[in-house]
>>> print(open('my_file_38.pdb').read())   # PDB, C-alpha atoms, pLDDT in the B column
ATOM      1  CA  MET A  92      -6.121   6.004 -16.782  1.00 48.00           C
ATOM      2  CA  ALA A  93      -3.498   6.557 -19.439  1.00 45.00           C
ATOM      3  CA  THR A  94      -1.281   3.521 -19.913  1.00 41.00           C
ATOM      4  CA  ALA A  95       2.007   2.730 -21.593  1.00 40.00           C
ATOM      5  CA  HIS A  96       0.104   0.617 -24.103  1.00 40.00           C
ATOM      6  CA  ALA A  97      -0.668   3.678 -26.169  1.00 41.00           C
ATOM      7  CA  ALA A  98       3.005   4.496 -26.404  1.00 40.00           C
ATOM      8  CA  LYS A  99       3.653   1.176 -28.135  1.00 39.00           C
ATOM      9  CA  LYS A 100       1.805   2.418 -31.166  1.00 41.00           C
ATOM     10  CA  LYS A 101       3.368   4.883 -33.496  1.00 43.00           C
ATOM     11  CA  ALA A 102       1.580   7.914 -32.181  1.00 41.00           C
ATOM     12  CA  PRO A 103       0.539  10.432 -34.820  1.00 41.00           C
ATOM     13  CA  LEU A 104       3.025  13.266 -34.778  1.00 46.00           C
ATOM     14  CA  ARG A 105       3.388  16.475 -36.669  1.00 47.00           C
ATOM     15  CA  ARG A 106       5.924  15.477 -39.245  1.00 49.00           C
ATOM     16  CA  ALA A 107       8.842  17.807 -39.676  1.00 50.00           C
ATOM     17  CA  ASN A 108       9.253  17.049 -43.395  1.00 50.00           C
ATOM     18  CA  GLY A 109      12.935  17.884 -43.103  1.00 46.00           C
ATOM     19  CA  ASN A 110      12.239  21.597 -42.798  1.00 50.00           C
ATOM     20  CA  ALA A 111      15.588  22.960 -41.687  1.00 52.00           C
ATOM     21  CA  ARG A 112      14.139  26.495 -41.814  1.00 65.00           C
ATOM     22  CA  ASP A 113      12.132  25.736 -38.677  1.00 82.00           C
ATOM     23  CA  PRO A 114      14.771  24.144 -36.419  1.00 87.00           C
ATOM     24  CA  GLU A 115      12.807  24.461 -33.164  1.00 91.00           C
ATOM     25  CA  ARG A 116       9.802  22.643 -34.587  1.00 93.00           C
ATOM     26  CA  THR A 117      11.975  20.011 -36.236  1.00 94.00           C
ATOM     27  CA  ARG A 118      13.827  19.421 -32.987  1.00 95.00           C
ATOM     28  CA  ALA A 119      10.547  19.149 -31.054  1.00 95.00           C
ATOM     29  CA  VAL A 120       9.107  16.635 -33.503  1.00 96.00           C
ATOM     30  CA  ILE A 121      12.264  14.505 -33.320  1.00 97.00           C
ATOM     31  CA  LEU A 122      12.147  14.575 -29.510  1.00 97.00           C
ATOM     32  CA  ALA A 123       8.489  13.514 -29.522  1.00 97.00           C
ATOM     33  CA  ALA A 124       9.248  10.672 -31.912  1.00 97.00           C
ATOM     34  CA  ALA A 125      12.253   9.569 -29.869  1.00 97.00           C
ATOM     35  CA  THR A 126      10.216   9.639 -26.667  1.00 97.00           C
ATOM     36  CA  ALA A 127       7.559   7.388 -28.216  1.00 96.00           C
ATOM     37  CA  GLU A 128      10.163   4.986 -29.630  1.00 96.00           C
ATOM     38  CA  ILE A 129      12.204   4.715 -26.423  1.00 96.00           C
ATOM     39  CA  THR A 130       9.075   4.337 -24.296  1.00 94.00           C
ATOM     40  CA  ALA A 131       7.846   1.500 -26.497  1.00 93.00           C
ATOM     41  CA  LYS A 132      11.129  -0.359 -26.991  1.00 93.00           C
ATOM     42  CA  GLY A 133      13.563   0.824 -24.354  1.00 92.00           C
ATOM     43  CA  LEU A 134      16.854   2.514 -25.103  1.00 93.00           C
ATOM     44  CA  GLY A 135      18.459  -0.656 -26.430  1.00 92.00           C
ATOM     45  CA  GLY A 136      15.572  -1.481 -28.746  1.00 94.00           C
ATOM     46  CA  ALA A 137      15.014   2.026 -30.082  1.00 95.00           C
ATOM     47  CA  ARG A 138      16.447   2.643 -33.550  1.00 95.00           C
ATOM     48  CA  VAL A 139      17.414   5.945 -35.133  1.00 96.00           C
ATOM     49  CA  ASP A 140      15.869   4.826 -38.431  1.00 96.00           C
ATOM     50  CA  GLU A 141      12.518   4.249 -36.721  1.00 96.00           C
ATOM     51  CA  ILE A 142      12.697   7.567 -34.919  1.00 97.00           C
ATOM     52  CA  ALA A 143      13.420   9.343 -38.180  1.00 96.00           C
ATOM     53  CA  ASP A 144      10.466   7.574 -39.786  1.00 96.00           C
ATOM     54  CA  ARG A 145       8.138   8.593 -36.951  1.00 94.00           C
ATOM     55  CA  ALA A 146       9.299  12.199 -37.196  1.00 95.00           C
ATOM     56  CA  GLY A 147       9.279  12.334 -40.978  1.00 94.00           C
ATOM     57  CA  VAL A 148      12.884  13.472 -41.231  1.00 94.00           C
ATOM     58  CA  ASN A 149      16.074  12.183 -42.730  1.00 93.00           C
ATOM     59  CA  LYS A 150      18.104  10.545 -39.983  1.00 92.00           C
ATOM     60  CA  ARG A 151      21.005  12.831 -40.857  1.00 94.00           C
ATOM     61  CA  MET A 152      18.950  15.613 -39.281  1.00 94.00           C
ATOM     62  CA  ILE A 153      18.870  13.670 -36.018  1.00 96.00           C
ATOM     63  CA  TYR A 154      22.662  13.483 -36.001  1.00 95.00           C
ATOM     64  CA  HIS A 155      22.809  17.172 -36.925  1.00 95.00           C
ATOM     65  CA  TYR A 156      20.679  18.254 -33.962  1.00 96.00           C
ATOM     66  CA  PHE A 157      21.703  15.705 -31.341  1.00 97.00           C
ATOM     67  CA  GLY A 158      25.078  14.290 -32.374  1.00 96.00           C
ATOM     68  CA  ASP A 159      24.246  10.607 -31.891  1.00 96.00           C
ATOM     69  CA  LYS A 160      21.682   8.296 -30.321  1.00 96.00           C
ATOM     70  CA  ASP A 161      23.073   8.882 -26.832  1.00 96.00           C
ATOM     71  CA  GLY A 162      22.823  12.633 -27.299  1.00 97.00           C
ATOM     72  CA  LEU A 163      19.243  12.259 -28.493  1.00 97.00           C
ATOM     73  CA  TYR A 164      18.337  10.121 -25.497  1.00 97.00           C
ATOM     74  CA  LEU A 165      19.814  12.658 -23.081  1.00 97.00           C
ATOM     75  CA  ALA A 166      17.849  15.417 -24.813  1.00 97.00           C
ATOM     76  CA  VAL A 167      14.681  13.344 -24.385  1.00 98.00           C
ATOM     77  CA  LEU A 168      15.382  12.990 -20.648  1.00 97.00           C
ATOM     78  CA  GLU A 169      16.062  16.689 -20.227  1.00 97.00           C
ATOM     79  CA  ALA A 170      12.917  17.604 -22.149  1.00 97.00           C
ATOM     80  CA  ALA A 171      10.808  15.256 -20.026  1.00 97.00           C
ATOM     81  CA  TYR A 172      12.075  16.798 -16.802  1.00 97.00           C
ATOM     82  CA  ALA A 173      11.772  20.324 -18.187  1.00 96.00           C
ATOM     83  CA  GLU A 174       8.121  19.734 -19.057  1.00 96.00           C
ATOM     84  CA  ILE A 175       7.016  18.572 -15.614  1.00 97.00           C
ATOM     85  CA  ARG A 176       9.045  21.287 -13.881  1.00 96.00           C
ATOM     86  CA  SER A 177       7.502  23.912 -16.172  1.00 95.00           C
ATOM     87  CA  GLU A 178       3.992  22.705 -15.360  1.00 96.00           C
ATOM     88  CA  GLU A 179       4.776  22.803 -11.626  1.00 95.00           C
ATOM     89  CA  ILE A 180       5.896  26.422 -11.847  1.00 94.00           C
ATOM     90  CA  LYS A 181       2.570  27.319 -13.492  1.00 95.00           C
ATOM     91  CA  LEU A 182       0.799  26.253 -10.293  1.00 95.00           C
ATOM     92  CA  ASP A 183       2.072  29.526  -8.778  1.00 92.00           C
ATOM     93  CA  LEU A 184       1.965  28.045  -5.280  1.00 94.00           C
ATOM     94  CA  GLY A 185       3.719  31.027  -3.709  1.00 92.00           C
ATOM     95  CA  LYS A 186       0.374  32.809  -3.587  1.00 90.00           C
ATOM     96  CA  ARG A 187      -1.538  29.904  -2.094  1.00 94.00           C
ATOM     97  CA  ASP A 188      -2.375  28.971   1.463  1.00 96.00           C
ATOM     98  CA  PRO A 189       0.366  26.494   2.526  1.00 97.00           C
ATOM     99  CA  VAL A 190      -1.968  23.538   3.127  1.00 97.00           C
ATOM    100  CA  GLU A 191      -3.986  24.087  -0.036  1.00 97.00           C
ATOM    101  CA  GLY A 192      -0.804  24.748  -2.009  1.00 97.00           C
ATOM    102  CA  MET A 193       0.720  21.493  -0.802  1.00 98.00           C
ATOM    103  CA  ARG A 194      -2.509  19.651  -1.583  1.00 97.00           C
ATOM    104  CA  GLU A 195      -2.480  21.079  -5.105  1.00 97.00           C
ATOM    105  CA  LEU A 196       1.132  20.017  -5.637  1.00 97.00           C
ATOM    106  CA  LEU A 197       0.278  16.508  -4.432  1.00 97.00           C
ATOM    107  CA  GLN A 198      -2.716  16.264  -6.756  1.00 97.00           C
ATOM    108  CA  PHE A 199      -0.751  17.688  -9.673  1.00 97.00           C
ATOM    109  CA  THR A 200       2.079  15.177  -9.201  1.00 97.00           C
ATOM    110  CA  TRP A 201      -0.324  12.242  -9.001  1.00 98.00           C
ATOM    111  CA  ASN A 202      -2.274  13.362 -12.061  1.00 97.00           C
ATOM    112  CA  TYR A 203       0.873  14.087 -14.058  1.00 98.00           C
ATOM    113  CA  TYR A 204       2.229  10.621 -13.410  1.00 97.00           C
ATOM    114  CA  ARG A 205      -1.097   9.061 -14.441  1.00 97.00           C
ATOM    115  CA  GLU A 206      -1.373  11.124 -17.605  1.00 97.00           C
ATOM    116  CA  HIS A 207       2.256  10.769 -18.689  1.00 97.00           C
ATOM    117  CA  PRO A 208       3.226   7.086 -18.534  1.00 95.00           C
ATOM    118  CA  GLU A 209       6.081   7.867 -20.911  1.00 95.00           C
ATOM    119  CA  PHE A 210       7.678   9.934 -18.133  1.00 97.00           C
ATOM    120  CA  LEU A 211       7.583   7.003 -15.729  1.00 96.00           C
ATOM    121  CA  SER A 212       8.965   4.726 -18.434  1.00 95.00           C
ATOM    122  CA  LEU A 213      11.887   7.062 -19.092  1.00 96.00           C
ATOM    123  CA  LEU A 214      12.673   7.243 -15.376  1.00 95.00           C
ATOM    124  CA  ALA A 215      12.660   3.453 -15.133  1.00 94.00           C
ATOM    125  CA  THR A 216      14.942   3.164 -18.161  1.00 94.00           C
ATOM    126  CA  GLU A 217      17.426   5.681 -16.815  1.00 95.00           C
ATOM    127  CA  ASN A 218      17.490   4.047 -13.399  1.00 95.00           C
ATOM    128  CA  LEU A 219      18.356   0.755 -15.076  1.00 93.00           C
ATOM    129  CA  HIS A 220      21.381   2.598 -16.450  1.00 94.00           C
ATOM    130  CA  LYS A 221      22.145   4.004 -12.963  1.00 96.00           C
ATOM    131  CA  ALA A 222      21.597   7.547 -14.291  1.00 96.00           C
ATOM    132  CA  ALA A 223      24.670   7.178 -16.505  1.00 95.00           C
ATOM    133  CA  TYR A 224      23.216   9.488 -19.147  1.00 95.00           C
ATOM    134  CA  LEU A 225      21.572  11.965 -16.789  1.00 96.00           C
ATOM    135  CA  LYS A 226      24.903  12.496 -15.040  1.00 96.00           C
ATOM    136  CA  ARG A 227      26.146  14.036 -18.278  1.00 95.00           C
ATOM    137  CA  SER A 228      23.470  16.722 -18.217  1.00 95.00           C
ATOM    138  CA  LYS A 229      24.649  20.261 -17.570  1.00 92.00           C
ATOM    139  CA  LYS A 230      21.152  21.555 -16.869  1.00 92.00           C
ATOM    140  CA  ILE A 231      19.331  18.883 -14.832  1.00 93.00           C
ATOM    141  CA  ARG A 232      20.135  20.339 -11.408  1.00 91.00           C
ATOM    142  CA  GLU A 233      19.149  23.865 -12.326  1.00 92.00           C
ATOM    143  CA  LEU A 234      15.846  22.500 -13.630  1.00 91.00           C
ATOM    144  CA  HIS A 235      15.084  21.177 -10.161  1.00 92.00           C
ATOM    145  CA  SER A 236      16.127  24.199  -8.113  1.00 92.00           C
ATOM    146  CA  PRO A 237      12.763  25.986  -8.585  1.00 93.00           C
ATOM    147  CA  LEU A 238      10.906  22.856  -7.440  1.00 94.00           C
ATOM    148  CA  VAL A 239      12.921  22.591  -4.238  1.00 95.00           C
ATOM    149  CA  GLY A 240      12.491  26.310  -3.622  1.00 96.00           C
ATOM    150  CA  MET A 241       8.737  26.105  -4.186  1.00 96.00           C
ATOM    151  CA  ILE A 242       8.329  23.240  -1.721  1.00 97.00           C
ATOM    152  CA  ASP A 243      10.600  24.921   0.811  1.00 97.00           C
ATOM    153  CA  ASP A 244       8.525  28.105   0.599  1.00 97.00           C
ATOM    154  CA  LEU A 245       5.333  26.155   1.326  1.00 98.00           C
ATOM    155  CA  LEU A 246       7.015  24.416   4.253  1.00 98.00           C
ATOM    156  CA  GLN A 247       8.417  27.615   5.722  1.00 97.00           C
ATOM    157  CA  ARG A 248       5.135  29.492   5.438  1.00 98.00           C
ATOM    158  CA  GLY A 249       3.254  26.493   6.805  1.00 98.00           C
ATOM    159  CA  ALA A 250       5.595  26.232   9.784  1.00 98.00           C
ATOM    160  CA  LYS A 251       5.250  29.958  10.470  1.00 97.00           C
ATOM    161  CA  ALA A 252       1.455  29.615  10.389  1.00 97.00           C
ATOM    162  CA  LYS A 253       1.775  26.561  12.669  1.00 97.00           C
ATOM    163  CA  VAL A 254      -0.018  24.273  10.206  1.00 98.00           C
ATOM    164  CA  PHE A 255       3.146  22.335   9.254  1.00 98.00           C
ATOM    165  CA  ARG A 256       5.807  20.824  11.451  1.00 97.00           C
ATOM    166  CA  LYS A 257       9.221  22.449  11.431  1.00 96.00           C
ATOM    167  CA  ASP A 258      12.522  21.219   9.949  1.00 93.00           C
ATOM    168  CA  VAL A 259      11.087  19.213   7.049  1.00 97.00           C
ATOM    169  CA  ASP A 260      13.642  18.651   4.283  1.00 98.00           C
ATOM    170  CA  PRO A 261      11.999  19.680   0.973  1.00 97.00           C
ATOM    171  CA  VAL A 262      14.020  17.156  -1.028  1.00 97.00           C
ATOM    172  CA  GLU A 263      13.143  14.273   1.291  1.00 98.00           C
ATOM    173  CA  LEU A 264       9.494  15.310   1.183  1.00 98.00           C
ATOM    174  CA  TYR A 265       9.408  15.409  -2.610  1.00 97.00           C
ATOM    175  CA  ILE A 266      11.045  11.990  -2.852  1.00 97.00           C
ATOM    176  CA  SER A 267       8.276  10.629  -0.618  1.00 97.00           C
ATOM    177  CA  ILE A 268       5.583  12.307  -2.728  1.00 97.00           C
ATOM    178  CA  ALA A 269       7.069  10.902  -5.922  1.00 97.00           C
ATOM    179  CA  ALA A 270       7.469   7.439  -4.411  1.00 97.00           C
ATOM    180  CA  LEU A 271       3.843   7.239  -3.288  1.00 97.00           C
ATOM    181  CA  GLY A 272       2.674   7.813  -6.858  1.00 97.00           C
ATOM    182  CA  PHE A 273       5.444   6.244  -8.897  1.00 97.00           C
ATOM    183  CA  PHE A 274       5.521   2.900  -7.107  1.00 97.00           C
ATOM    184  CA  TYR A 275       1.760   2.446  -7.363  1.00 97.00           C
ATOM    185  CA  LEU A 276       1.634   3.161 -11.095  1.00 97.00           C
ATOM    186  CA  SER A 277       4.844   1.434 -12.174  1.00 96.00           C
ATOM    187  CA  ASN A 278       3.877  -1.733 -10.266  1.00 96.00           C
ATOM    188  CA  ARG A 279       0.120  -1.637 -10.833  1.00 97.00           C
ATOM    189  CA  HIS A 280       0.025  -4.880 -12.825  1.00 97.00           C
ATOM    190  CA  THR A 281       1.908  -7.013 -10.309  1.00 98.00           C
ATOM    191  CA  LEU A 282       0.175  -5.396  -7.334  1.00 98.00           C
ATOM    192  CA  SER A 283      -3.246  -5.930  -8.921  1.00 98.00           C
ATOM    193  CA  THR A 284      -2.443  -9.607  -9.411  1.00 98.00           C
ATOM    194  CA  ILE A 285      -0.980 -10.125  -5.938  1.00 98.00           C
ATOM    195  CA  PHE A 286      -3.840  -8.479  -4.062  1.00 97.00           C
ATOM    196  CA  GLY A 287      -6.697  -9.389  -6.401  1.00 98.00           C
ATOM    197  CA  ARG A 288      -7.652  -5.755  -6.824  1.00 97.00           C
ATOM    198  CA  ASP A 289      -7.732  -3.776 -10.055  1.00 98.00           C
ATOM    199  CA  LEU A 290      -5.555  -0.816  -9.157  1.00 97.00           C
ATOM    200  CA  THR A 291      -6.378   0.864 -12.466  1.00 96.00           C
ATOM    201  CA  ALA A 292     -10.133   0.996 -11.737  1.00 98.00           C
ATOM    202  CA  PRO A 293     -11.340   4.624 -11.526  1.00 97.00           C
ATOM    203  CA  GLU A 294     -12.487   4.270  -7.925  1.00 97.00           C
ATOM    204  CA  ASN A 295      -9.093   2.898  -6.877  1.00 97.00           C
ATOM    205  CA  ILE A 296      -7.223   5.615  -8.758  1.00 97.00           C
ATOM    206  CA  LYS A 297      -9.319   8.253  -6.995  1.00 96.00           C
ATOM    207  CA  ALA A 298      -8.816   6.583  -3.620  1.00 97.00           C
ATOM    208  CA  ARG A 299      -5.062   6.434  -4.169  1.00 97.00           C
ATOM    209  CA  GLY A 300      -4.896  10.163  -4.856  1.00 96.00           C
ATOM    210  CA  GLN A 301      -6.808  10.841  -1.651  1.00 97.00           C
ATOM    211  CA  HIS A 302      -4.582   8.431   0.281  1.00 97.00           C
ATOM    212  CA  LEU A 303      -1.440  10.123  -1.021  1.00 97.00           C
ATOM    213  CA  ALA A 304      -2.691  13.525   0.154  1.00 97.00           C
ATOM    214  CA  ALA A 305      -3.781  12.161   3.551  1.00 97.00           C
ATOM    215  CA  VAL A 306      -0.394  10.499   4.167  1.00 98.00           C
ATOM    216  CA  VAL A 307       1.699  13.542   3.276  1.00 98.00           C
ATOM    217  CA  LEU A 308      -0.496  16.163   4.921  1.00 98.00           C
ATOM    218  CA  GLY A 309      -0.798  13.959   8.006  1.00 98.00           C
ATOM    219  CA  TYR A 310       2.980  13.767   8.251  1.00 98.00           C
ATOM    220  CA  LEU A 311       3.280  17.533   7.922  1.00 98.00           C
ATOM    221  CA  ARG A 312       0.932  18.335  10.783  1.00 97.00           C
ATOM    222  CA  PRO A 313       2.773  19.871  13.768  1.00 95.00           C
TER     223      PRO A 313
END
>>> encode(input="my_file_38.pdb", output="structure tokens")
Amino acid sequence: MATAHAAKKKAPLRRANGNARDPERTRAVILAAATAEITAKGLGGARVDEIADRAGVNKRMIYHYFGDKDGLYLAVLEAAYAEIRSEEIKLDLGKRDPVEGMRELLQFTWNYYREHPEFLSLLATENLHKAAYLKRSKKIRELHSPLVGMIDDLLQRGAKAKVFRKDVDPVELYISIAALGFFYLSNRHTLSTIFGRDLTAPENIKARGQHLAAVVLGYLRP
């Protein structure tokens, strides 16, 4: 399983080399560097100088693209959410059988959390700040509208086919899906110690994914 340990190292990045003629690439490299730095050190410990060094740019370019450290951090959050939402849309669940589509969404969410510990770290950081930065975002809600619509479509089609119960709130359901995966992974070290079970062992990771699907699909049965 991917762990946050890797994020503590200065991950090799494509260095922008200060190429202002390729602003999209430069911006992407800065965001990747900032994500690695914030994941490793938290928002308070992350330094613009270190981010610039990771990205291979002059720190003036960071201020040019993002305004200040707070603006950069918000851009990192928005990019992290945009990435997972983009990958969810690619599942194209509107064409799938409701039960299999829901199962695929469950498996995708679990796998994404496992493979992107930096995403979980950013969520934890922002929750410590009571979403103070995310509240400034002008795009975060529109990023999530397709997700809610996708889940609602599965629920409506499943209810019509009498394989899902009726009147399930798509937002409440997604929060439960996220919680089942997020809590396990973000607390894996303490839980492993408390229960004397290595929650990161491959067999336990596999079992957790199956448990997550069984819990949610069991709840959805009419």
>>> resolve_selection(input="my_file_38.pdb", expression="the PyMOL selection byres ((chain A and resi 123) around 10)", output="PyMOL selection string")
chain A and resi 102+104-105+117-122+124-128+142+145-146+167+170-171
>>> resolve_selection(input="my_file_38.pdb", expression="the PyMOL selection byres ((chain A and resi 304-311) around 12)", output="JSON, numbers by chain")
{"A": [189, 190, 191, 192, 193, 194, 195, 196, 197, 198, 199, 200, 201, 245, 246, 247, 249, 250, 253, 254, 255, 256, 257, 258, 259, 260, 261, 263, 264, 265, 266, 267, 268, 269, 270, 271, 272, 297, 298, 299, 300, 301, 302, 303, 312, 313]}
>>> closest_residue(input="my_file_38.pdb", among="A:Arg205, A:Asp144, A:Asp243, A:Phe210", to="Thr291 in chain A", atoms="all atoms listed in the file")
A:Arg205
>>> residues_near_point(input="my_file_38.pdb", point="(12.0, 6.0, -17.8)", cutoff="10 Å", atoms="only C-alpha atoms", output="PyMOL selection string")
chain A and resi 126+129-130+133-134+168+171+208-219
>>> closest_residue(input="my_file_38.pdb", among="A:Leu276, A:Glu115, A:Thr281, A:Asn295", to="Glu206 in chain A", atoms="only C-alpha atoms")
A:Leu276
>>> atom_distance(input="my_file_38.pdb", atom1="CA of His155 in chain A", atom2="CA of Arg227 in chain A")
19.2 Å
>>> atom_distance(input="my_file_38.pdb", atom1="CA of Glu179 in chain A", atom2="CA of Pro293 in chain A")
24.3 Å
>>> atom_distance(input="my_file_38.pdb", atom1="CA of Asn149 in chain A", atom2="CA of Leu163 in chain A")
14.6 Å
>>> axis_aligned_box(input="my_file_38.pdb", around="range 296-300 of chain A", padding_each_side="6 Å", output="AutoDock Vina command-line options")
--center_x -7.1 --center_y 7.9 --center_z -6.2 --size_x 16.4 --size_y 16.5 --size_z 17.1
>>> closest_atom_pairs(input="my_file_38.pdb", of="range 142-203 of chain A", to="range 236-239 of chain A", cutoff="12 Å", atoms="only C-alpha atoms", output="CSV")
residue,atom,partner,partner_atom,distance
A:Tyr172,CA,A:Leu238,CA,11.2
A:Ala173,CA,A:Leu238,CA,11.1
A:Ile175,CA,A:Leu238,CA,10.0
A:Arg176,CA,A:Leu238,CA,6.9
A:Ser177,CA,A:Leu238,CA,9.4
A:Glu178,CA,A:Leu238,CA,10.5
A:Glu179,CA,A:Leu238,CA,7.4
A:Ile180,CA,A:Leu238,CA,7.6
A:Lys181,CA,A:Leu238,CA,11.2
A:Leu182,CA,A:Leu238,CA,11.0
A:Asp183,CA,A:Leu238,CA,11.1
A:Leu184,CA,A:Leu238,CA,10.6
A:Gly185,CA,A:Pro237,CA,11.4
A:Leu196,CA,A:Leu238,CA,10.3
A:Thr200,CA,A:Leu238,CA,11.8
>>> closest_residue(input="my_file_38.pdb", among="A:Glu169, A:Asp113, A:Asp140, A:Asp188", to="Leu234 in chain A", atoms="all atoms listed in the file")
A:Glu169
>>> residues_around(input="my_file_38.pdb", residues="Leu290 in chain A", least_positions_apart="4", cutoff="8 Å", atoms="all atoms listed in the file", output="list in words")
Arg279, His280, Leu282, Ser283, Asn295 and Ile296 of chain A
>>> write_last_selection(input="my_file_38.pdb", atoms="C-alpha atoms", output="PDB file, in the coordinates of the input")
ATOM      1  CA  ARG A 279       0.120  -1.637 -10.833  1.00 97.00           C
ATOM      2  CA  HIS A 280       0.025  -4.880 -12.825  1.00 97.00           C
ATOM      3  CA  LEU A 282       0.175  -5.396  -7.334  1.00 98.00           C
ATOM      4  CA  SER A 283      -3.246  -5.930  -8.921  1.00 98.00           C
ATOM      5  CA  ASN A 295      -9.093   2.898  -6.877  1.00 97.00           C
ATOM      6  CA  ILE A 296      -7.223   5.615  -8.758  1.00 97.00           C
TER       7      ILE A 296
END
>>> decode(input="my_file_38.pdb", residues="range 137-155 of chain A", atoms="N, CA and C atoms", output="PDB file, in the first residue's frame")
ATOM      1  N   ALA A 137       5.571  24.057   5.695  1.00  0.00           N
ATOM      2  CA  ALA A 137       5.949  24.200   4.289  1.00  0.00           C
ATOM      3  C   ALA A 137       6.503  25.596   4.030  1.00  0.00           C
ATOM      4  N   ARG A 138       7.557  25.671   3.237  1.00  0.00           N
ATOM      5  CA  ARG A 138       8.203  26.944   2.926  1.00  0.00           C
ATOM      6  C   ARG A 138       8.231  27.185   1.424  1.00  0.00           C
ATOM      7  N   VAL A 139       7.958  28.414   1.033  1.00  0.00           N
ATOM      8  CA  VAL A 139       7.936  28.767  -0.383  1.00  0.00           C
ATOM      9  C   VAL A 139       9.304  28.516  -1.013  1.00  0.00           C
ATOM     10  N   ASP A 140      10.376  28.800  -0.285  1.00  0.00           N
ATOM     11  CA  ASP A 140      11.716  28.561  -0.812  1.00  0.00           C
ATOM     12  C   ASP A 140      11.919  27.094  -1.162  1.00  0.00           C
ATOM     13  N   GLU A 141      11.446  26.203  -0.282  1.00  0.00           N
ATOM     14  CA  GLU A 141      11.591  24.768  -0.518  1.00  0.00           C
ATOM     15  C   GLU A 141      10.738  24.317  -1.692  1.00  0.00           C
ATOM     16  N   ILE A 142       9.557  24.865  -1.798  1.00  0.00           N
ATOM     17  CA  ILE A 142       8.679  24.530  -2.916  1.00  0.00           C
ATOM     18  C   ILE A 142       9.309  24.964  -4.232  1.00  0.00           C
ATOM     19  N   ALA A 143       9.865  26.157  -4.235  1.00  0.00           N
ATOM     20  CA  ALA A 143      10.533  26.653  -5.440  1.00  0.00           C
ATOM     21  C   ALA A 143      11.706  25.759  -5.813  1.00  0.00           C
ATOM     22  N   ASP A 144      12.444  25.305  -4.804  1.00  0.00           N
ATOM     23  CA  ASP A 144      13.587  24.426  -5.053  1.00  0.00           C
ATOM     24  C   ASP A 144      13.131  23.093  -5.640  1.00  0.00           C
ATOM     25  N   ARG A 145      12.065  22.527  -5.082  1.00  0.00           N
ATOM     26  CA  ARG A 145      11.528  21.272  -5.606  1.00  0.00           C
ATOM     27  C   ARG A 145      11.116  21.418  -7.072  1.00  0.00           C
ATOM     28  N   ALA A 146      10.482  22.558  -7.370  1.00  0.00           N
ATOM     29  CA  ALA A 146       9.931  22.770  -8.706  1.00  0.00           C
ATOM     30  C   ALA A 146      10.976  23.258  -9.703  1.00  0.00           C
ATOM     31  N   GLY A 147      12.092  23.746  -9.195  1.00  0.00           N
ATOM     32  CA  GLY A 147      13.125  24.267 -10.077  1.00  0.00           C
ATOM     33  C   GLY A 147      12.758  25.615 -10.676  1.00  0.00           C
ATOM     34  N   VAL A 148      12.085  26.442  -9.869  1.00  0.00           N
ATOM     35  CA  VAL A 148      11.696  27.766 -10.344  1.00  0.00           C
ATOM     36  C   VAL A 148      12.166  28.814  -9.346  1.00  0.00           C
ATOM     37  N   ASN A 149      12.200  30.036  -9.803  1.00  0.00           N
ATOM     38  CA  ASN A 149      12.431  31.151  -8.900  1.00  0.00           C
ATOM     39  C   ASN A 149      11.149  31.380  -8.115  1.00  0.00           C
ATOM     40  N   LYS A 150      11.263  31.631  -6.820  1.00  0.00           N
ATOM     41  CA  LYS A 150      10.049  31.758  -6.017  1.00  0.00           C
ATOM     42  C   LYS A 150       9.178  32.927  -6.447  1.00  0.00           C
ATOM     43  N   ARG A 151       9.755  33.872  -7.187  1.00  0.00           N
ATOM     44  CA  ARG A 151       8.933  34.970  -7.705  1.00  0.00           C
ATOM     45  C   ARG A 151       7.854  34.449  -8.653  1.00  0.00           C
ATOM     46  N   MET A 152       8.154  33.319  -9.316  1.00  0.00           N
ATOM     47  CA  MET A 152       7.167  32.731 -10.218  1.00  0.00           C
ATOM     48  C   MET A 152       5.979  32.172  -9.436  1.00  0.00           C
ATOM     49  N   ILE A 153       6.244  31.677  -8.233  1.00  0.00           N
ATOM     50  CA  ILE A 153       5.164  31.178  -7.389  1.00  0.00           C
ATOM     51  C   ILE A 153       4.223  32.321  -7.035  1.00  0.00           C
ATOM     52  N   TYR A 154       4.793  33.458  -6.642  1.00  0.00           N
ATOM     53  CA  TYR A 154       3.965  34.615  -6.311  1.00  0.00           C
ATOM     54  C   TYR A 154       3.223  35.135  -7.550  1.00  0.00           C
ATOM     55  N   HIS A 155       3.880  35.015  -8.708  1.00  0.00           N
ATOM     56  CA  HIS A 155       3.252  35.466  -9.952  1.00  0.00           C
ATOM     57  C   HIS A 155       2.003  34.641 -10.266  1.00  0.00           C
TER      58      HIS A 155
END
